[in-house]
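**Student:** Pasting my_file.cif here (mmCIF, C-alpha atoms):
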data_entry
#
loop_
_atom_site.label_atom_id
_atom_site.label_comp_id
_atom_site.auth_asym_id
_atom_site.auth_seq_id
_atom_site.Cartn_x
_atom_site.Cartn_y
_atom_site.Cartn_z
CA MET X 1 59.34 76.76 60.50
CA GLY X 2 62.34 75.39 58.62
CA VAL X 3 65.25 73.46 60.08
CA GLU X 4 68.77 73.97 58.81
CA ILE X 5 71.91 72.39 60.25
CA LEU X 6 75.46 73.63 59.65
CA LYS X 7 77.57 70.59 58.80
CA THR X 8 81.32 70.18 58.29
CA VAL X 9 83.42 67.49 56.62
CA PHE X 10 86.83 66.81 58.16
CA ARG X 11 89.83 65.14 56.60
CA LYS X 12 93.34 64.30 57.79
CA SER X 13 96.37 65.17 55.68
CA ASN X 14 99.23 62.79 55.05
CA SER X 15 101.18 64.72 57.70
CA GLY X 16 98.46 64.03 60.30
CA VAL X 17 96.89 67.50 60.40
CA TRP X 18 93.09 67.82 60.69
CA SER X 19 91.35 70.28 58.42
CA ILE X 20 87.80 71.14 57.37
CA GLU X 21 87.35 70.10 53.76
CA ALA X 22 83.79 71.37 53.41
CA ILE X 23 81.15 73.28 55.35
CA LYS X 24 77.54 73.60 54.30
CA GLY X 25 74.05 74.23 55.63
CA LEU X 26 71.76 71.22 55.29
CA ASN X 27 68.06 71.91 54.87
CA LEU X 28 66.11 69.22 56.73
CA LYS X 29 62.75 68.55 55.13
CA ALA X 30 60.02 66.41 56.67
CA LYS X 31 58.94 63.21 54.97
CA ARG X 32 55.39 63.26 53.73
CA GLY X 33 52.89 62.55 56.50
CA PHE X 34 54.95 64.08 59.33
CA GLU X 35 54.42 67.34 61.20
CA SER X 36 56.99 70.13 60.94
CA ASN X 37 57.88 69.89 64.64
CA TYR X 38 58.50 66.11 64.77
CA PHE X 39 59.55 64.28 61.64
CA LYS X 40 61.72 61.84 59.77
CA ILE X 41 64.05 63.42 57.23
CA GLU X 42 63.34 63.33 53.51
CA PRO X 43 66.57 61.74 52.14
CA GLU X 44 67.47 64.15 49.35
CA VAL X 45 70.77 63.64 47.55
CA ASP X 46 73.27 66.39 48.27
CA VAL X 47 76.97 67.17 47.80
CA MET X 48 78.97 68.81 50.58
CA THR X 49 81.64 70.13 48.21
CA GLU X 50 82.09 70.48 44.46
CA ASN X 51 85.73 69.40 44.82
CA PRO X 52 85.72 66.21 46.92
CA SER X 53 89.04 64.83 48.09
CA ARG X 54 90.71 62.05 46.17
CA ILE X 55 91.27 60.27 49.47
CA MET X 56 88.71 57.45 49.44
CA ASP X 57 87.38 57.84 53.00
CA SER X 58 86.90 61.60 52.56
CA PHE X 59 85.35 61.07 49.15
CA PHE X 60 82.53 58.98 50.60
CA THR X 61 81.78 61.49 53.36
CA SER X 62 81.36 64.35 50.87
CA PHE X 63 78.25 63.19 49.07
CA GLY X 64 75.11 61.28 49.93
CA THR X 65 71.65 62.02 51.28
CA THR X 66 70.86 64.63 53.92
CA ASP X 67 69.98 62.00 56.49
CA PHE X 68 73.23 60.13 55.78
CA PHE X 69 75.29 63.26 56.47
CA LEU X 70 73.63 63.56 59.88
CA ARG X 71 73.93 59.82 60.60
CA GLN X 72 77.71 60.18 60.23
CA SER X 73 77.67 62.50 63.24
CA ILE X 74 74.66 61.36 65.30
CA VAL X 75 74.86 57.65 66.12
CA PRO X 76 73.04 54.95 68.10
CA ILE X 77 74.89 53.61 71.15
CA VAL X 78 74.58 49.86 71.70
CA ALA X 79 75.80 47.33 74.27
CA TRP X 80 75.92 43.55 74.67
CA ASN X 81 77.73 40.80 76.53
CA GLU X 82 79.42 37.79 74.99
CA GLY X 83 76.79 35.08 74.58
CA ASP X 84 73.82 37.46 74.41
CA ASP X 85 71.11 36.90 71.80
CA GLU X 86 70.53 40.61 71.25
CA ILE X 87 72.42 43.85 71.01
CA ARG X 88 70.78 46.42 73.28
CA CYS X 89 70.12 49.88 71.82
CA ILE X 90 70.63 52.14 74.83
CA GLY X 91 70.60 55.70 73.48
CA THR X 92 72.02 58.28 71.11
CA GLY X 93 75.40 60.02 70.97
CA PHE X 94 77.15 62.47 68.67
CA PHE X 95 80.73 63.05 67.61
CA ILE X 96 82.42 66.26 68.75
CA SER X 97 85.84 65.58 67.20
CA ALA X 98 87.19 63.95 64.04
CA SER X 99 89.44 61.79 66.22
CA GLY X 100 86.47 60.03 67.83
CA LEU X 101 85.47 62.03 70.91
CA LEU X 102 81.75 61.46 71.44
CA MET X 103 79.23 63.21 73.68
CA THR X 104 76.11 61.62 75.14
CA ALA X 105 74.03 61.63 78.33
CA ALA X 106 75.84 60.13 81.32
CA HIS X 107 72.84 57.95 82.18
CA VAL X 108 73.06 56.37 78.70
CA ILE X 109 76.67 55.31 79.12
CA ARG X 110 75.90 54.05 82.66
CA ASP X 111 73.07 51.83 81.42
CA PRO X 112 75.06 48.53 81.67
CA VAL X 113 75.82 49.21 85.33
CA ASP X 114 72.51 50.76 86.36
CA GLU X 115 70.53 47.98 84.64
CA LYS X 116 72.88 45.37 86.16
CA TYR X 117 74.04 43.54 83.04
CA ALA X 118 77.67 44.54 83.62
CA GLU X 119 79.89 44.72 86.69
CA LEU X 120 82.01 47.72 87.59
CA THR X 121 85.46 47.11 89.10
CA GLU X 122 87.34 49.99 90.71
CA ILE X 123 90.94 50.10 89.47
CA SER X 124 92.07 53.42 91.01
CA ASN X 125 90.69 56.60 92.53
CA ASN X 126 87.89 57.90 90.28
CA SER X 127 88.58 55.16 87.74
CA ALA X 128 86.75 51.89 87.12
CA MET X 129 86.54 49.15 84.50
CA LEU X 130 83.49 47.40 83.08
CA GLY X 131 83.32 43.63 82.68
CA ASN X 132 85.59 42.05 80.05
CA ASN X 133 82.63 40.41 78.31
CA LEU X 134 80.82 43.70 77.71
CA HIS X 135 80.93 45.52 74.38
CA VAL X 136 79.77 49.13 74.10
CA CYS X 137 79.83 50.54 70.56
CA VAL X 138 78.36 53.14 68.26
CA MET X 139 76.69 52.22 64.97
CA LEU X 140 78.22 54.15 62.09
CA PRO X 141 76.39 53.97 58.74
CA ALA X 142 78.01 52.83 55.52
CA ASN X 143 77.44 55.14 52.58
CA PRO X 144 75.13 53.29 50.13
CA ALA X 145 77.20 54.78 47.30
CA ILE X 146 80.09 52.48 48.28
CA LYS X 147 78.19 49.53 46.80
CA THR X 148 78.23 51.09 43.32
CA ALA X 149 81.66 52.70 43.49
CA PRO X 150 83.51 52.73 40.12
CA PHE X 151 86.78 51.69 41.79
CA ARG X 152 87.89 48.77 43.91
CA ILE X 153 87.28 48.88 47.66
CA ALA X 154 87.65 46.37 50.47
CA LYS X 155 84.98 43.68 50.43
CA GLU X 156 83.97 44.29 54.07
CA LEU X 157 83.32 47.96 53.27
CA GLY X 158 81.29 47.22 50.17
CA GLU X 159 78.97 44.74 51.89
CA ALA X 160 78.42 46.55 55.20
CA GLU X 161 75.21 48.35 56.16
CA TYR X 162 76.87 49.82 59.24
CA PHE X 163 80.03 49.49 61.33
CA LEU X 164 80.22 48.76 65.05
CA CYS X 165 82.92 51.08 66.44
CA PRO X 166 83.95 50.32 70.05
CA ILE X 167 83.94 52.89 72.83
CA VAL X 168 87.27 52.47 74.62
CA TRP X 169 86.80 54.84 77.57
CA THR X 170 84.33 57.30 79.01
CA THR X 171 84.36 60.18 81.49
CA HIS X 172 81.38 61.43 83.47
CA TRP X 173 80.98 63.30 86.72
CA GLY X 174 79.30 62.21 89.94
CA LYS X 175 79.81 60.35 93.19
CA GLU X 176 78.54 57.38 95.16
CA VAL X 177 76.13 58.28 97.93
CA CYS X 178 75.25 55.99 100.84
CA GLY X 179 71.57 55.87 101.71
CA PRO X 180 69.93 55.60 105.13
CA LEU X 181 69.41 51.82 104.77
CA PHE X 182 72.72 50.09 105.48
CA HIS X 183 71.82 46.86 103.67
CA LEU X 184 71.53 48.70 100.32
CA PRO X 185 74.63 49.41 98.20
CA PRO X 186 75.72 53.01 97.57
CA GLU X 187 73.91 54.81 94.74
CA PHE X 188 75.78 56.77 92.09
CA LYS X 189 74.53 60.35 91.86
CA LEU X 190 75.36 62.28 88.71
CA ASP X 191 76.66 65.84 89.04
CA LEU X 192 75.62 66.47 85.43
CA ASP X 193 74.01 64.27 82.81
CA ILE X 194 76.76 64.55 80.19
CA ALA X 195 79.50 62.06 79.33
CA ILE X 196 82.52 62.24 77.01
CA CYS X 197 83.56 59.01 75.32
CA LYS X 198 86.40 57.96 73.06
CA VAL X 199 85.50 55.82 70.04
CA ARG X 200 88.30 53.71 68.62
CA GLU X 201 89.67 55.04 65.36
CA PHE X 202 88.66 53.04 62.28
CA PRO X 203 91.21 53.85 59.53
CA ALA X 204 89.26 52.00 56.83
CA ILE X 205 86.31 54.40 57.08
CA GLY X 206 88.30 57.57 57.75
CA PRO X 207 87.67 60.51 60.09
CA TYR X 208 84.60 60.78 62.26
CA GLN X 209 82.44 63.78 61.37
CA PRO X 210 81.70 66.04 64.37
CA LEU X 211 78.98 68.54 65.15
CA ASN X 212 79.86 72.02 66.36
CA ILE X 213 79.95 72.79 70.09
CA GLY X 214 81.22 75.82 71.98
CA PRO X 215 80.85 78.24 74.91
CA HIS X 216 77.93 80.09 73.44
CA SER X 217 74.94 81.87 74.94
CA LEU X 218 71.42 80.51 75.27
CA ARG X 219 68.19 82.48 75.61
CA VAL X 220 64.60 81.67 76.49
CA GLY X 221 62.65 81.65 73.23
CA ASP X 222 65.51 80.21 71.13
CA GLN X 223 64.56 77.42 68.76
CA ALA X 224 65.86 74.06 70.04
CA VAL X 225 66.25 71.13 67.63
CA ALA X 226 66.94 67.65 69.02
CA ILE X 227 67.98 64.93 66.55
CA GLY X 228 68.25 61.29 67.59
CA TYR X 229 66.97 57.72 67.41
CA PRO X 230 63.71 57.26 69.33
CA GLU X 231 62.34 53.86 70.32
CA MET X 232 65.16 51.86 68.73
CA GLN X 233 64.57 48.13 68.69
CA ASN X 234 67.22 45.72 69.95
CA LEU X 235 69.21 43.99 67.22
CA ARG X 236 69.17 40.19 67.11
CA ILE X 237 72.71 38.83 66.92
CA GLY X 238 73.16 36.69 63.83
CA GLY X 239 69.85 37.83 62.37
CA LYS X 240 69.65 38.50 58.65
CA GLU X 241 67.04 41.23 58.74
CA ARG X 242 68.13 44.61 57.42
CA TYR X 243 68.61 47.08 60.25
CA ARG X 244 68.74 50.80 59.64
CA PRO X 245 67.89 53.11 62.54
CA GLU X 246 66.09 56.26 61.43
CA LEU X 247 66.72 59.73 62.76
CA MET X 248 63.88 61.84 64.08
CA VAL X 249 63.97 65.62 64.28
CA SER X 250 62.10 67.20 67.20
CA VAL X 251 61.67 70.98 67.15
CA GLY X 252 60.75 73.11 70.15
CA THR X 253 61.55 76.29 72.03
CA VAL X 254 63.75 76.96 75.06
CA THR X 255 61.38 77.67 77.97
CA ALA X 256 63.68 77.90 81.02
CA ILE X 257 67.42 77.89 81.81
CA TYR X 258 68.97 76.67 85.08
CA PRO X 259 72.73 77.42 85.04
CA ASP X 260 73.01 77.09 88.85
CA ASN X 261 71.11 73.83 89.21
CA MET X 262 74.02 72.03 90.94
CA THR X 263 73.67 74.28 93.99
CA GLU X 264 70.08 75.50 93.85
CA LYS X 265 68.42 72.20 92.73
CA GLN X 266 65.79 73.93 90.61
CA ASN X 267 64.72 70.73 88.81
CA ASN X 268 65.46 67.00 88.73
CA THR X 269 67.91 67.02 85.81
CA PRO X 270 71.48 66.71 87.16
CA GLY X 271 73.69 69.76 86.76
CA PRO X 272 73.25 72.95 84.72
CA ASN X 273 70.42 72.42 82.26
CA PHE X 274 67.58 73.97 80.32
CA GLU X 275 64.02 72.98 79.49
CA PHE X 276 62.45 73.06 76.05
CA SER X 277 59.08 72.30 74.51
CA ALA X 278 59.65 69.32 72.23
CA LYS X 279 58.55 65.72 71.88
CA ILE X 280 61.36 63.46 73.11
CA PRO X 281 60.51 59.72 73.15
CA GLY X 282 62.69 57.02 74.67
CA LYS X 283 66.21 56.32 73.31
CA MET X 284 66.65 59.97 72.29
CA SER X 285 68.60 60.49 75.52
CA GLY X 286 72.09 61.69 74.61
CA SER X 287 70.94 63.38 71.39
CA PRO X 288 72.37 66.77 70.44
CA ILE X 289 70.21 69.86 70.93
CA LEU X 290 71.12 72.43 68.29
CA VAL X 291 70.35 76.10 68.75
CA SER X 292 71.50 79.26 66.90
CA GLY X 293 69.62 78.23 63.77
CA GLY X 294 71.27 74.79 63.80
CA VAL X 295 74.81 76.17 63.88
CA VAL X 296 75.89 75.11 67.39
CA THR X 297 75.04 72.20 69.68
CA LYS X 298 74.34 73.71 73.10
CA GLY X 299 72.73 70.82 74.94
CA VAL X 300 72.42 67.06 75.38
CA VAL X 301 68.98 65.46 75.77
CA SER X 302 68.61 64.28 79.36
CA ARG X 303 64.97 63.53 80.20
CA SER X 304 61.41 64.08 79.08
CA LEU X 305 57.87 63.75 80.33
CA GLN X 306 56.20 61.02 78.31
CA GLY X 307 53.21 62.18 76.33
CA GLU X 308 54.09 65.85 76.74
CA ASN X 309 56.14 68.34 74.76
CA HIS X 310 58.38 69.00 77.74
CA ALA X 311 62.01 67.92 77.97
CA SER X 312 65.33 68.96 79.50
CA GLY X 313 68.88 68.99 78.26
CA GLY X 314 72.24 69.26 79.97
CA LEU X 315 74.04 72.52 79.17
CA ILE X 316 77.33 71.94 77.34
CA ALA X 317 78.99 75.30 78.01
CA PRO X 318 79.51 74.87 81.80
CA MET X 319 81.36 71.56 81.37
CA LEU X 320 83.85 72.70 78.71
CA GLN X 321 86.44 73.51 81.40
CA LEU X 322 86.12 70.22 83.29
CA PRO X 323 89.11 67.82 83.00
CA ILE X 324 88.52 64.82 80.77
CA PHE X 325 91.89 63.02 80.62
CA ASP X 326 95.48 63.96 81.49
CA GLY X 327 94.00 67.00 83.24
CA LYS X 328 92.89 68.50 79.92
CA SER X 329 89.43 69.90 79.24
CA LEU X 330 87.53 70.14 75.97
CA THR X 331 88.58 73.79 75.78
CA ASP X 332 92.24 72.75 76.10
CA LEU X 333 91.87 70.09 73.41
CA THR X 334 90.10 72.51 71.08
CA ASN X 335 92.85 75.09 71.47
CA GLU X 336 95.57 72.49 70.85
CA GLY X 337 93.96 71.59 67.52
CA LYS X 338 95.07 67.94 67.57
CA GLU X 339 91.64 66.27 67.85
CA GLY X 340 89.75 67.83 64.94
CA ILE X 341 87.21 69.76 67.05
CA PRO X 342 85.36 72.42 65.03
CA GLN X 343 85.69 76.01 66.21
CA ILE X 344 82.72 78.26 65.43
CA TYR X 345 82.81 81.98 66.18
CA GLY X 346 80.13 84.68 66.04
CA SER X 347 78.63 87.32 68.30
CA GLU X 348 75.08 85.99 67.82
CA LEU X 349 75.87 82.38 68.75
#
Any chance you could give the structure as structure tokens?

**Tutor:**
Amino acid sequence: MGVEILKTVFRKSNSGVWSIEAIKGLNLKAKRGFESNYFKIEPEVDVMTENPSRIMDSFFTSFGTTDFFLRQSIVPIVAWNEGDDEIRCIGTGFFISASGLLMTAAHVIRDPVDEKYAELTEISNNSAMLGNNLHVCVMLPANPAIKTAPFRIAKELGEAEYFLCPIVWTTHWGKEVCGPLFHLPPEFKLDLDIAICKVREFPAIGPYQPLNIGPHSLRVGDQAVAIGYPEMQNLRIGGKERYRPELMVSVGTVTAIYPDNMTEKQNNTPGPNFEFSAKIPGKMSGSPILVSGGVVTKGVVSRSLQGENHASGGLIAPMLQLPIFDGKSLTDLTNEGKEGIPQIYGSEL
């Protein structure tokens, strides 16, 4: 059973308009020694377009290895406080717009609060701020080809293995619930296990490269492919060891769909979700789940049963109309065309 992912390359014109420079299907092959349903990717050199842009940042997103193309879109999420010895690897996220909108599991982005290494201060109704000493970032890979580029580039770009790009805000849905024991603080209950984040733009490395999402159908029996960073190790601050998280591809089948889970409580995953038969170790929470032959991302990894090929993912389609900021939803932002969100159409998607 092969795995192919439809991948786009975005660029921004001098007038500030987003456009797709290239679109191509990437064939993901397993490294030797791995099974076809759970594997690391064989890093074969590929070119997204035969006519790469002369703009430097777009040039370096147009060629590389298959795993590098995916690592541009699917990224580790990390967090640390000032004075910490380690950077915590807390989960996986993936870009959904060239401007830096990122999707992940809500419980991933809440990790600093839920694990009590950051304080949450309410600043207005339905709005709160994390501690000033906390940093939450994504790790974006540097293209190894930069090191051998035939033209001059900034020193910090040429020497980097990856870039830490800060998350500046996040939106997720839920509410605080008071328990029966008055001495315990209220507990935050998620309405759905999906969060939208904004990653700060990084002009030196160019546009972020999104995956495709959309209001598409899902059927029991569809192939479901989750791609993320399982069992990531924390990164020692100031350490000199080379650190390169590796993607894993986990392939399964959709086994059940619960679109009404918010009202009927059919399983323990918050909000509308589906179950699929795939191996999902720790730290893959927040990973994209691609269906439709790898064309469209329809879910976000939420939870799994350890030791079993049984996992659940939050459904993306039901949350596309929910307001994110300024009263606008992802559907609104897609229609406006200002964020660089791919639009994929097709009756079979």

**Student:** Under the PyMOL selection byres ((chain X and resi 253) around 6), which residues of this model are included? Write them out as number ranges by chain.

**Tutor:** X: 221-224, 252, 254, 276-277

**Student:** I'd like to know which of X:Val113, X:Ala79, X:Leu315, X:Met284 is closest to Gly228 in chain X, using all atoms listed in the file.

**Tutor:**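 For Gly228 in chain X, the nearest of the given residues is X:Met284.
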
**Student:** To test your reading of the syntax: which residues would the PyMOL selection byres ((chain X and resi 23) around 7) return for the file shown? Reply as a compact mmCIF listing (two decimals) with C-alpha atoms, in the frame of the given file.

**Tutor:**
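selection-v2.txt, written as the output of this step:
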# COMPACT_ATOMS: atom_id res chain seq x y z
CA LYS X 7 77.57 70.59 58.80
CA THR X 8 81.32 70.18 58.29
CA VAL X 9 83.42 67.49 56.62
CA ALA X 22 83.79 71.37 53.41
CA LYS X 24 77.54 73.60 54.30
CA MET X 48 78.97 68.81 50.58

**Student:** Find the residue from X:Leu211, X:Val225, X:Ile167, X:Ala195 that sits nearest to His107 in chain X; use only C-alpha atoms when measuring.

**Tutor:**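 Of X:Leu211, X:Val225, X:Ile167, X:Ala195, the one nearest His107 in chain X, counting only C-alpha atoms, is X:Ala195.
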
**Student:** Expand the PyMOL selection byres ((chain X and resi 141) around 8) into the explicit residue set it covers here, and present it as a CSV table (one decimal) with C-alpha atoms, in the coordinates of the input.

**Tutor:**
chain,number,residue,atom,x,y,z
X,68,PHE,CA,73.2,60.1,55.8
X,71,ARG,CA,73.9,59.8,60.6
X,72,GLN,CA,77.7,60.2,60.2
X,139,MET,CA,76.7,52.2,65.0
X,140,LEU,CA,78.2,54.2,62.1
X,142,ALA,CA,78.0,52.8,55.5
X,143,ASN,CA,77.4,55.1,52.6
X,161,GLU,CA,75.2,48.4,56.2
X,162,TYR,CA,76.9,49.8,59.2
X,163,PHE,CA,80.0,49.5,61.3

**Student:** In file coordinates, which residues lie within 12 Å of (66.3, 51.5, 67.8) using all atoms listed in the file, given as a PyMOL selection string?

**Tutor:** chain X and resi 75-78+87-92+139+228-236+243-248+281-284

**Student:** Smallest atom-to-atom distance to Lys12 in chain X: which of X:Asn126, X:Gln209, X:Asn267, X:Asn37, using all atoms listed in the file?

**Tutor:**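 Closest residue, counting all atoms listed in the file: X:Gln209.
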
**Student:** Report, in Å to a single decimal, how far apart CA of Gly214 in chain X and CA of Pro272 in chain X are.

**Tutor:** 15.3 Å

**Student:** Which is closest to Arg110 in chain X among X:Gly286, X:Pro43, X:Gly16, X:Pro203, if we use only C-alpha atoms?

**Tutor:**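 Using only C-alpha atoms, Arg110 in chain X sits closest to X:Gly286.
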